[in-house]
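**Student:** Contents are compact mmCIF, C-alpha atoms; file name final03.txt:
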```txt
# COMPACT_ATOMS: atom_id res chain seq x y z
CA MET D 16 19.88 -15.87 -8.29
CA THR D 17 23.52 -14.95 -7.68
CA ALA D 18 26.32 -17.51 -7.75
CA PRO D 19 29.07 -17.50 -5.11
CA SER D 20 32.28 -15.64 -5.75
CA PRO D 21 35.42 -17.46 -6.86
CA SER D 22 38.14 -17.27 -4.23
CA PRO D 23 41.27 -15.25 -5.01
CA ALA D 24 44.60 -17.04 -5.17
CA PRO D 25 46.35 -16.96 -1.79
CA ALA D 26 49.02 -14.39 -1.18
CA GLY D 27 52.58 -15.52 -0.62
CA PRO D 28 55.65 -13.88 0.91
CA ASP D 29 56.75 -12.64 -2.52
CA ARG D 30 53.47 -11.65 -4.12
CA PRO D 31 50.14 -9.99 -3.31
CA ALA D 32 46.86 -11.89 -3.43
CA GLU D 33 45.33 -12.01 -6.89
CA PRO D 34 42.05 -10.09 -7.09
CA ALA D 35 39.06 -12.29 -7.83
CA GLU D 36 37.74 -11.85 -11.36
CA LEU D 37 34.13 -12.07 -10.17
CA ALA D 38 32.35 -11.43 -6.89
CA PRO D 39 28.82 -10.97 -5.54
CA VAL D 40 27.34 -7.59 -6.40
CA ARG D 41 28.55 -4.87 -3.99
CA PRO D 42 25.90 -3.48 -1.65
CA GLY D 43 24.48 -0.33 -3.17
CA GLU D 44 25.38 -1.37 -6.74
CA GLU D 45 22.44 -3.70 -7.29
CA LEU D 46 20.29 -3.11 -10.37
CA ASP D 47 16.74 -4.11 -11.27
CA PHE D 48 17.92 -7.54 -12.34
CA ASP D 49 14.42 -8.80 -13.16
CA ALA D 50 13.96 -5.94 -15.63
CA LEU D 51 17.44 -6.56 -17.05
CA ALA D 52 16.78 -10.25 -17.57
CA ALA D 53 13.48 -9.52 -19.32
CA TYR D 54 15.16 -6.94 -21.59
CA LEU D 55 17.96 -9.33 -22.55
CA ARG D 56 15.66 -12.28 -23.21
CA GLU D 57 13.56 -10.12 -25.54
CA ARG D 58 16.48 -8.79 -27.61
CA ILE D 59 19.18 -11.46 -27.65
CA PRO D 60 18.31 -14.90 -29.03
CA ASP D 61 18.78 -18.23 -27.28
CA LEU D 62 18.97 -17.00 -23.69
CA ASP D 63 17.65 -20.05 -21.90
CA GLY D 64 18.18 -21.40 -18.42
CA GLU D 65 18.49 -19.97 -14.94
CA PHE D 66 19.49 -16.29 -14.67
CA ALA D 67 22.40 -15.32 -12.39
CA VAL D 68 24.52 -12.21 -11.84
CA LEU D 69 28.03 -11.55 -10.57
CA GLN D 70 30.05 -8.33 -10.61
CA PHE D 71 33.52 -7.62 -11.95
CA PRO D 72 34.78 -5.91 -8.77
CA ASN D 73 38.17 -4.54 -9.81
CA GLY D 74 37.26 -1.57 -12.00
CA SER D 75 37.16 1.94 -10.57
CA ALA D 76 34.29 3.69 -12.33
CA ASN D 77 31.86 1.99 -14.71
CA LEU D 78 29.83 -0.83 -13.18
CA THR D 79 30.37 -4.12 -14.99
CA TYR D 80 28.43 -7.33 -14.42
CA GLN D 81 28.52 -10.86 -15.75
CA VAL D 82 25.01 -12.12 -16.41
CA ARG D 83 24.38 -15.80 -17.04
CA PHE D 84 21.48 -17.62 -18.61
CA GLY D 85 22.24 -21.29 -18.02
CA SER D 86 25.67 -21.78 -19.57
CA ARG D 87 25.50 -18.61 -21.72
CA ARG D 88 27.45 -15.66 -20.29
CA LEU D 89 27.29 -11.98 -21.27
CA VAL D 90 28.75 -8.74 -19.92
CA VAL D 91 26.62 -5.71 -19.01
CA ARG D 92 28.22 -2.28 -18.44
CA ARG D 93 26.65 0.94 -17.21
CA PRO D 94 27.98 4.26 -15.84
CA PRO D 95 28.53 4.66 -12.08
CA PHE D 96 25.73 5.99 -9.92
CA GLY D 97 25.61 9.68 -9.09
CA GLU D 98 27.02 12.72 -10.87
CA VAL D 99 28.98 11.90 -14.04
CA ALA D 100 31.67 14.19 -15.45
CA PRO D 101 30.90 15.75 -18.86
CA GLY D 102 31.67 13.31 -21.65
CA ALA D 103 32.65 10.50 -19.25
CA HIS D 104 31.32 6.93 -19.03
CA ASP D 105 29.80 7.17 -22.49
CA MET D 106 27.99 3.90 -23.19
CA ARG D 107 26.86 5.09 -26.62
CA ARG D 108 30.48 5.70 -27.58
CA GLU D 109 31.57 2.34 -26.22
CA TYR D 110 28.80 0.58 -28.12
CA ARG D 111 29.68 2.40 -31.33
CA ALA D 112 33.30 1.30 -30.99
CA LEU D 113 32.70 -2.31 -29.94
CA SER D 114 29.88 -3.03 -32.37
CA ARG D 115 32.32 -2.32 -35.23
CA LEU D 116 35.95 -2.50 -34.10
CA TYR D 117 36.06 -6.30 -33.82
CA ARG D 118 36.07 -6.45 -37.64
CA GLY D 119 39.60 -5.06 -37.80
CA TYR D 120 40.83 -5.61 -34.24
CA PRO D 121 39.90 -9.06 -32.91
CA ARG D 122 41.05 -8.14 -29.39
CA ALA D 123 37.96 -5.93 -29.03
CA PRO D 124 34.98 -7.85 -27.60
CA ARG D 125 31.88 -7.52 -29.74
CA ALA D 126 28.98 -5.46 -28.41
CA PHE D 127 25.51 -6.84 -29.12
CA ALA D 128 23.10 -4.20 -27.82
CA LEU D 129 22.79 -0.66 -26.48
CA CYS D 130 19.87 0.24 -24.22
CA ASP D 131 19.16 3.96 -23.88
CA ASP D 132 15.98 3.54 -21.82
CA PRO D 133 16.73 4.47 -18.18
CA ALA D 134 13.53 2.71 -17.10
CA VAL D 135 15.31 -0.66 -17.39
CA ILE D 136 18.23 -0.27 -14.93
CA GLY D 137 18.46 3.51 -14.41
CA SER D 138 20.91 4.50 -17.18
CA ASP D 139 22.19 3.65 -20.63
CA PHE D 140 23.96 0.30 -20.73
CA ILE D 141 25.62 -1.99 -23.23
CA VAL D 142 25.66 -5.76 -23.62
CA MET D 143 28.70 -7.54 -25.03
CA GLU D 144 30.30 -10.92 -25.34
CA TYR D 145 32.06 -12.49 -22.36
CA ARG D 146 35.57 -13.84 -22.90
CA PRO D 147 37.33 -16.04 -20.34
CA GLY D 148 40.95 -15.37 -19.50
CA VAL D 149 43.27 -13.82 -16.93
CA VAL D 150 44.12 -10.19 -16.15
CA VAL D 151 47.50 -9.06 -14.82
CA TRP D 152 47.24 -6.90 -11.70
CA GLY D 153 50.23 -6.91 -9.35
CA ALA D 154 51.81 -10.24 -10.31
CA VAL D 155 51.95 -12.83 -13.07
CA PRO D 156 48.70 -14.79 -12.60
CA GLU D 157 49.11 -18.26 -11.14
CA PRO D 158 48.10 -20.11 -14.36
CA MET D 159 50.85 -18.30 -16.31
CA ARG D 160 53.77 -18.74 -13.90
CA GLY D 161 55.15 -21.82 -15.62
CA HIS D 162 56.11 -19.82 -18.72
CA ARG D 163 59.71 -18.73 -19.15
CA ASP D 164 60.16 -14.92 -18.82
CA ALA D 165 56.40 -14.58 -18.39
CA ALA D 166 56.44 -10.99 -17.12
CA ARG D 167 58.58 -9.64 -19.97
CA ARG D 168 56.51 -11.52 -22.55
CA VAL D 169 53.28 -10.20 -21.06
CA GLY D 170 54.69 -6.67 -21.12
CA PHE D 171 55.72 -6.82 -24.76
CA ALA D 172 52.35 -8.38 -25.68
CA VAL D 173 50.58 -5.38 -24.14
CA VAL D 174 52.73 -3.00 -26.21
CA ASP D 175 52.06 -5.02 -29.36
CA ALA D 176 48.31 -4.89 -28.69
CA LEU D 177 48.50 -1.10 -28.49
CA ALA D 178 50.60 -0.70 -31.64
CA ASP D 179 48.28 -3.03 -33.55
CA LEU D 180 45.26 -0.96 -32.52
CA HIS D 181 46.91 2.14 -33.94
CA ARG D 182 47.48 0.37 -37.25
CA VAL D 183 43.74 -0.28 -37.72
CA ASP D 184 42.11 1.64 -40.58
CA PRO D 185 39.05 3.34 -39.02
CA ASP D 186 37.29 3.50 -42.38
CA GLU D 187 37.51 -0.26 -42.88
CA CYS D 188 35.81 -0.81 -39.50
CA GLY D 189 33.12 1.82 -40.06
CA LEU D 190 34.61 4.05 -37.36
CA SER D 191 35.41 7.22 -39.28
CA ASP D 192 32.69 8.93 -37.20
CA LEU D 193 34.13 7.95 -33.82
CA GLY D 194 35.82 11.32 -33.23
CA ARG D 195 37.22 14.56 -34.64
CA PRO D 196 41.00 14.28 -35.04
CA ALA D 197 41.55 17.94 -35.97
CA GLY D 198 42.39 19.91 -32.81
CA PHE D 199 42.21 16.73 -30.72
CA LEU D 200 45.01 17.52 -28.27
CA GLU D 201 43.82 21.08 -27.70
CA ARG D 202 40.30 19.84 -26.90
CA GLN D 203 41.64 17.14 -24.59
CA VAL D 204 43.72 19.55 -22.53
CA ALA D 205 40.85 22.05 -22.32
CA GLY D 206 38.36 19.31 -21.41
CA TRP D 207 40.45 17.81 -18.62
CA SER D 208 41.12 21.29 -17.25
CA LYS D 209 37.38 21.83 -17.02
CA ARG D 210 36.88 18.47 -15.32
CA TRP D 211 39.52 19.38 -12.77
CA SER D 212 37.75 22.64 -11.99
CA LEU D 213 34.59 20.67 -11.14
CA VAL D 214 36.27 18.43 -8.54
CA ALA D 215 39.27 20.47 -7.34
CA PRO D 216 39.90 20.63 -3.57
CA PRO D 217 39.19 23.86 -1.69
CA ASP D 218 42.66 25.29 -2.41
CA GLY D 219 42.10 24.77 -6.13
CA GLY D 220 45.00 22.37 -6.55
CA PRO D 221 47.44 24.95 -7.95
CA ALA D 222 50.09 22.35 -8.92
CA VAL D 223 47.54 20.43 -10.97
CA GLU D 224 46.33 23.62 -12.65
CA ALA D 225 49.92 24.65 -13.37
CA LEU D 226 50.67 21.28 -14.99
CA GLY D 227 47.65 21.69 -17.25
CA GLU D 228 48.84 25.16 -18.23
CA ARG D 229 52.33 23.86 -19.05
CA LEU D 230 50.87 21.10 -21.20
CA ALA D 231 48.62 23.57 -23.03
CA ALA D 232 51.62 25.78 -23.80
CA ALA D 233 53.64 22.94 -25.33
CA ILE D 234 51.11 20.90 -27.33
CA PRO D 235 52.98 18.96 -30.03
CA ALA D 236 51.89 18.61 -33.64
CA SER D 237 49.93 15.39 -34.13
CA GLY D 238 50.67 12.82 -36.81
CA ARG D 239 48.12 10.68 -38.59
CA PRO D 240 45.02 9.97 -36.49
CA ALA D 241 44.22 6.50 -35.20
CA VAL D 242 41.60 4.69 -33.15
CA LEU D 243 42.40 5.50 -29.52
CA HIS D 244 41.41 3.41 -26.56
CA ASN D 245 42.08 6.44 -24.29
CA ASP D 246 42.71 4.47 -21.09
CA PHE D 247 45.14 1.79 -22.27
CA LYS D 248 46.95 -0.01 -19.45
CA ILE D 249 48.06 -3.49 -18.54
CA ASP D 250 45.00 -4.32 -16.40
CA ASN D 251 42.66 -3.45 -19.25
CA CYS D 252 44.20 -6.35 -21.16
CA GLN D 253 43.25 -10.03 -20.90
CA PHE D 254 45.36 -13.10 -21.65
CA ASP D 255 44.86 -16.74 -22.43
CA PRO D 256 46.90 -18.27 -19.57
CA ALA D 257 48.51 -20.64 -22.09
CA ASP D 258 49.91 -17.76 -24.18
CA PRO D 259 51.76 -14.85 -22.54
CA ASP D 260 52.77 -13.49 -25.97
CA ARG D 261 49.37 -12.22 -27.08
CA VAL D 262 46.62 -10.12 -25.55
CA VAL D 263 43.30 -11.78 -26.43
CA SER D 264 40.97 -9.01 -25.24
CA VAL D 265 41.10 -5.31 -24.39
CA PHE D 266 38.41 -3.83 -22.12
CA ASP D 267 36.90 -0.45 -21.17
CA TRP D 268 36.28 1.43 -24.41
CA ASP D 269 33.94 4.15 -23.13
CA MET D 270 36.47 6.90 -23.96
CA ALA D 271 37.45 5.50 -27.38
CA THR D 272 37.85 8.08 -30.13
CA LEU D 273 39.90 9.11 -33.15
CA GLY D 274 42.97 11.21 -32.46
CA ASP D 275 46.67 11.31 -31.75
CA PRO D 276 47.78 7.71 -31.05
CA LEU D 277 50.65 8.79 -28.80
CA VAL D 278 48.07 9.76 -26.17
CA ASP D 279 47.55 6.03 -25.63
CA LEU D 280 51.30 5.45 -25.40
CA GLY D 281 51.66 8.25 -22.83
CA THR D 282 48.80 6.78 -20.79
CA LEU D 283 50.45 3.36 -20.83
CA LEU D 284 53.80 4.81 -19.72
CA ASN D 285 52.06 6.63 -16.88
CA TYR D 286 50.90 3.23 -15.57
CA TRP D 287 54.23 1.46 -16.24
CA PRO D 288 56.90 1.02 -13.52
CA ASP D 289 60.58 1.33 -14.35
CA PRO D 290 63.85 0.70 -12.46
CA GLY D 291 64.77 4.37 -12.97
CA ASP D 292 61.65 5.69 -11.26
CA ALA D 293 63.56 6.55 -8.10
CA GLU D 294 65.29 9.34 -10.04
CA LEU D 295 61.97 11.12 -10.67
CA PRO D 296 59.94 12.81 -7.94
CA GLY D 297 56.31 11.81 -7.57
CA GLU D 298 54.74 8.41 -8.02
CA LEU D 299 52.76 6.16 -10.34
CA ALA D 300 49.19 4.98 -9.77
CA ILE D 301 49.81 1.26 -10.25
CA PRO D 302 48.67 -1.93 -8.51
CA ALA D 303 50.82 -3.15 -5.62
CA GLY D 304 53.48 -5.56 -6.81
CA LEU D 305 53.59 -4.41 -10.43
CA ALA D 306 56.97 -2.71 -10.00
CA GLU D 307 58.50 -5.98 -8.76
CA MET D 308 56.97 -8.16 -11.46
CA GLY D 309 59.83 -7.94 -13.97
CA LEU D 310 58.18 -6.04 -16.82
CA PRO D 311 60.28 -4.55 -19.65
CA SER D 312 61.68 -1.08 -18.97
CA ARG D 313 59.86 2.03 -20.11
CA ALA D 314 62.56 2.62 -22.74
CA GLU D 315 61.96 -0.89 -24.10
CA VAL D 316 58.24 -0.17 -24.25
CA VAL D 317 58.80 2.97 -26.34
CA GLU D 318 61.30 1.19 -28.63
CA ARG D 319 58.96 -1.78 -29.18
CA TYR D 320 55.99 0.47 -29.85
CA ALA D 321 57.92 2.63 -32.34
CA ALA D 322 59.18 -0.40 -34.25
CA ARG D 323 55.76 -2.08 -34.49
CA SER D 324 53.68 1.05 -35.16
CA GLY D 325 56.15 2.92 -37.37
CA LEU D 326 55.34 6.17 -35.56
CA ASP D 327 57.73 8.96 -34.50
CA VAL D 328 58.00 8.93 -30.69
CA GLY D 329 60.47 11.79 -30.32
CA ARG D 330 58.08 13.91 -28.20
CA VAL D 331 56.80 11.05 -26.07
CA ALA D 332 57.69 12.87 -22.83
CA TRP D 333 54.86 15.38 -23.40
CA TYR D 334 52.38 12.52 -23.74
CA GLU D 335 53.73 10.82 -20.63
CA ALA D 336 53.30 14.02 -18.61
CA TYR D 337 49.81 14.42 -20.05
CA GLY D 338 49.05 10.86 -18.92
CA CYS D 339 50.12 11.73 -15.35
CA TRP D 340 47.94 14.84 -15.35
CA LYS D 341 44.87 13.14 -16.80
CA THR D 342 45.18 10.26 -14.34
CA ALA D 343 45.44 12.73 -11.46
CA VAL D 344 42.18 14.36 -12.57
CA ILE D 345 40.46 10.99 -12.91
CA LEU D 346 41.53 9.94 -9.43
CA GLN D 347 40.23 13.20 -7.99
CA GLN D 348 36.91 12.59 -9.76
CA LEU D 349 36.67 9.13 -8.18
CA TYR D 350 37.48 10.56 -4.75
CA ALA D 351 34.86 13.31 -5.21
CA ARG D 352 32.22 10.69 -5.97
CA TYR D 353 33.11 8.93 -2.71
CA VAL D 354 32.92 12.17 -0.72
CA ARG D 355 29.49 12.90 -2.23
CA GLY D 356 28.27 9.46 -1.14
CA GLU D 357 27.70 8.24 -4.69
CA THR D 358 29.63 4.98 -4.25
CA THR D 359 29.93 2.41 -1.49
CA ASP D 360 33.28 1.19 -2.85
CA GLU D 361 35.72 1.96 -0.02
CA ARG D 362 38.68 1.90 -2.43
CA MET D 363 37.52 5.24 -3.83
CA GLY D 364 38.12 6.91 -0.46
CA THR D 365 41.88 6.75 -1.04
CA ARG D 366 41.99 7.56 -4.76
CA GLY D 367 42.80 11.20 -4.09
CA ASP D 368 45.98 10.23 -2.20
CA SER D 369 47.92 9.81 -5.47
CA VAL D 370 46.98 13.14 -7.04
CA ALA D 371 49.88 15.14 -5.62
CA GLY D 372 52.47 12.51 -6.48
CA LEU D 373 51.26 12.13 -10.05
CA THR D 374 51.31 15.90 -10.47
CA ARG D 375 54.90 16.16 -9.23
CA ARG D 376 55.85 13.41 -11.64
CA GLY D 377 54.17 15.17 -14.56
CA HIS D 378 56.08 18.37 -13.84
CA ALA D 379 59.37 16.42 -13.61
CA VAL D 380 58.77 14.70 -16.94
CA LEU D 381 58.11 18.08 -18.61
CA ASP D 382 61.25 19.44 -16.97
CA ARG D 383 63.24 16.67 -18.65
CA LEU D 384 61.64 17.49 -22.00
CA ALA D 385 62.62 21.16 -21.65
CA SER D 386 66.23 20.47 -20.60
```
Would you encode the structure as structure tokens?
**Tutor:**
Amino acid sequence: MTAPSPSPAPAGPDRPAEPAELAPVRPGEELDFDALAAYLRERIPDLDGEFAVLQFPNGSANLTYQVRFGSRRLVVRRPPFGEVAPGAHDMRREYRALSRLYRGYPRAPRAFALCDDPAVIGSDFIVMEYRPGVVVWGAVPEPMRGHRDAARRVGFAVVDALADLHRVDPDECGLSDLGRPAGFLERQVAGWSKRWSLVAPPDGGPAVEALGERLAAAIPASGRPAVLHNDFKIDNCQFDPADPDRVVSVFDWDMATLGDPLVDLGTLLNYWPDPGDAELPGELAIPAGLAEMGLPSRAEVVERYAARSGLDVGRVAWYEAYGCWKTAVILQQLYARYVRGETTDERMGTRGDSVAGLTRRGHAVLDRLAS
């Protein structure tokens, strides 16, 4: 049985419509829900009552579902259908992180189970706790609009959540085996270059390749390693609508690892609008409306992060350019999946439109660093 979708908040003249948190499962993204229910009932205690499924429709890659047994709700995540890029959508990695990280970082939802038997729903998948709350897309969510300076407070809370993650001791959470910090940046640049080569357009995307080469030639020395989320952005954070000053949950940990923490900061900056953006060529890949929301400036983000984390951010421009480049590759991967017919999500048909703009932006950021 599948429950009806909640309706999104209506759009107004000054704001976009809020995406619904949950929706009926998209056609073509159905699973063997009978097999899933049987698996969950066998392995997780106290799952009683009628079984129902909805989908979290706003993500771009991994498929995420809310499953309900009576009043008990859980989250199930699996990789997308079709060809998966090397090392991407790693449910084993996400389970390893979320089955341990909650001990030292309460914003991480706890994972309860990993299934590596494709006979159940066709791939590895993980099961984790469900947490209610609101996600910020292109506007302050309706339940939070009564708070003074809500957008700025939300923005600083996101930065604090990132800095606090990087202060976690991996050993104390049992995560010293999550990655290999030595040579991390070199491997990342080489790995994303390889991924680009697998999905590049017919002309090879010379500007994207050139940006990767420039990044490889200027890799900075890394400081102490930290737990990395590796796709940290405002819409991977969840809030209690009564408290805009604290992120209560952070989602999407399938790329989590140990490495240079400034990679996460550069990723966040790549998704963060700023009043000075008109001075840079290119564009950001951000939800509509985010630039008008009233978030703190990018300089304020860097200052807040440095103060809370205690880390040296002097070379942050390299990490910001890297974030642009990596995001461009990811968007091209999503577009390639659409072209190959591996997703029915029509949003993926336009993901490649931002690749050129992000690449121009990455080059411009590196130009600033060199000047």
**Student:** When distances are computed from all atoms listed in the file, which of D:Val142, D:Met106, D:Val82, D:Val169 shows the smallest separation from D:Gly309?
**Tutor:** D:Val169
**Student:** Leaving out stretch 178-188 of chain D and any residue of its chain fewer than 3 positions from it, which residues lie within 7 Å of it when counting only C-alpha atoms, given as a ChimeraX atom specification?
**Tutor:** /D:115-116,118-120,174-175,191,241-242,276,320,323-324
**Student:** List every protein, DNA or RNA residue with an atom no more than 7 Å from (30.8, 3.8, -33.2) in the file's coordinates, counting all atoms listed in the file, and format the result as a PyMOL selection string.
**Tutor:** chain D and resi 108+110-112+114-115+190+192-193
**Student:** Calculate how many Å separate atom CA of D:Ser208 from atom CA of D:Asp279, rounding to one decimal.
**Tutor:**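 Pair atom CA of D:Ser208 / atom CA of D:Asp279 returns 18.6 Å.
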**Student:** Separation of atom CA of D:Gly291 and atom CA of D:Leu305, in Å?
**Tutor:**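 Separating atom CA of D:Gly291 from atom CA of D:Leu305 is a distance of 14.4 Å.
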**Student:** Select all residues near (35.6, 11.6, -30.2) (cut-off 8 Å, inclusive, file coordinates), counting all atoms listed in the file, and output them as a list in words.
**Tutor:**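 Protein, DNA and RNA residues close to (35.6, 11.6, -30.2): Leu193, Gly194, Arg195, Pro196, Met270, Ala271, Thr272, Leu273 and Gly274 of chain D.
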**Student:** Point out the residue among D:Ala123, D:Ala222, D:Asp139, D:Ala166 with the least atom-to-atom distance to D:Arg107, counting only C-alpha atoms.
**Tutor:**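 Closest to D:Arg107, using only C-alpha atoms: D:Asp139.
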**Student:** Using only C-alpha atoms, which residue out of D:Leu55, D:Arg160, D:Ala172, D:Gln348 lies closest to D:Cys130?
**Tutor:**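 Among the listed residues, D:Leu55 lies closest to D:Cys130.
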**Student:** Once you add 4 Å to each side, what are the centre and edge lengths of the axis-aligned box holding all listed atoms of stretch 258-263 of chain D? One decimal in Å, as JSON, if you can.
**Tutor:**
```
{"center_x": 48.0, "center_y": -13.9, "center_z": -24.8, "size_x": 17.5, "size_y": 15.6, "size_z": 12.5}
```
**Student:** What is the atom CA of D:Leu283 to atom CA of D:Ile249 distance in Å?
**Tutor:** 7.6 Å
**Student:** Tell me which of D:Leu381, D:Leu277, D:Ile141, D:Val262 sits closest to D:Ala232, counting all atoms listed in the file.
**Tutor:** D:Leu381
**Student:** With all atoms listed in the file as the atoms that count, which of D:Trp287, D:Thr358, D:Asp368, D:Pro121 lies nearest to D:Asn77?
**Tutor:**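 Ranked by minimum distance to D:Asn77, first place goes to D:Thr358.
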**Student:** Considering only C-alpha atoms, state which residue in the set D:Pro60, D:Gly325, D:Pro95, D:Pro34 is at the smallest distance from D:Arg352.
**Tutor:** D:Pro95
**Student:** From the structure block, carefully write stretch 57-80 of chain D out with N, CA and C atoms; format it as a PDB file, in the first residue's frame.
**Tutor:**
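What landed in selection_22.pdb:
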```pdb
ATOM      1  N   GLU D  57      12.063  -9.432   9.134  1.00  0.00           N
ATOM      2  CA  GLU D  57      12.902 -10.511   9.669  1.00  0.00           C
ATOM      3  C   GLU D  57      14.092  -9.978  10.456  1.00  0.00           C
ATOM      4  N   ARG D  58      14.592  -8.787  10.113  1.00  0.00           N
ATOM      5  CA  ARG D  58      15.860  -8.318  10.688  1.00  0.00           C
ATOM      6  C   ARG D  58      15.746  -7.155  11.660  1.00  0.00           C
ATOM      7  N   ILE D  59      14.639  -6.442  11.632  1.00  0.00           N
ATOM      8  CA  ILE D  59      14.483  -5.301  12.525  1.00  0.00           C
ATOM      9  C   ILE D  59      13.289  -5.560  13.433  1.00  0.00           C
ATOM     10  N   PRO D  60      13.480  -5.511  14.741  1.00  0.00           N
ATOM     11  CA  PRO D  60      12.397  -5.877  15.656  1.00  0.00           C
ATOM     12  C   PRO D  60      11.252  -4.871  15.667  1.00  0.00           C
ATOM     13  N   ASP D  61      10.090  -5.387  16.059  1.00  0.00           N
ATOM     14  CA  ASP D  61       8.914  -4.554  16.345  1.00  0.00           C
ATOM     15  C   ASP D  61       8.399  -3.804  15.126  1.00  0.00           C
ATOM     16  N   LEU D  62       8.434  -4.433  13.970  1.00  0.00           N
ATOM     17  CA  LEU D  62       7.838  -3.829  12.774  1.00  0.00           C
ATOM     18  C   LEU D  62       6.451  -4.437  12.595  1.00  0.00           C
ATOM     19  N   ASP D  63       5.469  -3.783  13.182  1.00  0.00           N
ATOM     20  CA  ASP D  63       4.095  -4.263  13.135  1.00  0.00           C
ATOM     21  C   ASP D  63       3.235  -3.267  12.375  1.00  0.00           C
ATOM     22  N   GLY D  64       2.116  -3.726  11.905  1.00  0.00           N
ATOM     23  CA  GLY D  64       1.168  -2.834  11.255  1.00  0.00           C
ATOM     24  C   GLY D  64       1.278  -2.863   9.749  1.00  0.00           C
ATOM     25  N   GLU D  65       0.418  -2.085   9.117  1.00  0.00           N
ATOM     26  CA  GLU D  65       0.332  -2.057   7.651  1.00  0.00           C
ATOM     27  C   GLU D  65       1.599  -1.451   7.041  1.00  0.00           C
ATOM     28  N   PHE D  66       2.062  -2.045   5.947  1.00  0.00           N
ATOM     29  CA  PHE D  66       3.275  -1.608   5.261  1.00  0.00           C
ATOM     30  C   PHE D  66       2.916  -0.602   4.176  1.00  0.00           C
ATOM     31  N   ALA D  67       3.660   0.493   4.091  1.00  0.00           N
ATOM     32  CA  ALA D  67       3.430   1.510   3.061  1.00  0.00           C
ATOM     33  C   ALA D  67       4.763   2.105   2.641  1.00  0.00           C
ATOM     34  N   VAL D  68       4.807   2.628   1.423  1.00  0.00           N
ATOM     35  CA  VAL D  68       6.048   3.184   0.874  1.00  0.00           C
ATOM     36  C   VAL D  68       5.759   4.515   0.196  1.00  0.00           C
ATOM     37  N   LEU D  69       6.640   5.490   0.455  1.00  0.00           N
ATOM     38  CA  LEU D  69       6.696   6.735  -0.300  1.00  0.00           C
ATOM     39  C   LEU D  69       8.142   6.957  -0.717  1.00  0.00           C
ATOM     40  N   GLN D  70       8.362   7.885  -1.621  1.00  0.00           N
ATOM     41  CA  GLN D  70       9.711   8.176  -2.104  1.00  0.00           C
ATOM     42  C   GLN D  70      10.090   9.610  -1.736  1.00  0.00           C
ATOM     43  N   PHE D  71      11.357   9.801  -1.363  1.00  0.00           N
ATOM     44  CA  PHE D  71      11.903  11.149  -1.249  1.00  0.00           C
ATOM     45  C   PHE D  71      12.286  11.574  -2.671  1.00  0.00           C
ATOM     46  N   PRO D  72      11.565  12.512  -3.277  1.00  0.00           N
ATOM     47  CA  PRO D  72      11.697  12.744  -4.715  1.00  0.00           C
ATOM     48  C   PRO D  72      12.746  13.768  -5.117  1.00  0.00           C
ATOM     49  N   ASN D  73      13.401  14.418  -4.162  1.00  0.00           N
ATOM     50  CA  ASN D  73      14.205  15.589  -4.513  1.00  0.00           C
ATOM     51  C   ASN D  73      15.673  15.307  -4.759  1.00  0.00           C
ATOM     52  N   GLY D  74      16.166  14.136  -4.392  1.00  0.00           N
ATOM     53  CA  GLY D  74      17.555  13.803  -4.662  1.00  0.00           C
ATOM     54  C   GLY D  74      17.801  13.584  -6.145  1.00  0.00           C
ATOM     55  N   SER D  75      19.078  13.545  -6.517  1.00  0.00           N
ATOM     56  CA  SER D  75      19.426  13.445  -7.938  1.00  0.00           C
ATOM     57  C   SER D  75      19.998  12.098  -8.343  1.00  0.00           C
ATOM     58  N   ALA D  76      20.382  11.248  -7.402  1.00  0.00           N
ATOM     59  CA  ALA D  76      21.090  10.035  -7.803  1.00  0.00           C
ATOM     60  C   ALA D  76      20.559   8.814  -7.048  1.00  0.00           C
ATOM     61  N   ASN D  77      21.023   8.620  -5.817  1.00  0.00           N
ATOM     62  CA  ASN D  77      20.551   7.469  -5.058  1.00  0.00           C
ATOM     63  C   ASN D  77      19.037   7.523  -4.876  1.00  0.00           C
ATOM     64  N   LEU D  78      18.421   6.369  -4.851  1.00  0.00           N
ATOM     65  CA  LEU D  78      16.975   6.263  -4.673  1.00  0.00           C
ATOM     66  C   LEU D  78      16.690   6.068  -3.188  1.00  0.00           C
ATOM     67  N   THR D  79      15.848   6.928  -2.643  1.00  0.00           N
ATOM     68  CA  THR D  79      15.601   6.938  -1.203  1.00  0.00           C
ATOM     69  C   THR D  79      14.104   6.864  -0.955  1.00  0.00           C
ATOM     70  N   TYR D  80      13.715   5.952  -0.072  1.00  0.00           N
ATOM     71  CA  TYR D  80      12.305   5.675   0.183  1.00  0.00           C
ATOM     72  C   TYR D  80      12.034   5.738   1.687  1.00  0.00           C
TER      73      TYR D  80
END
```
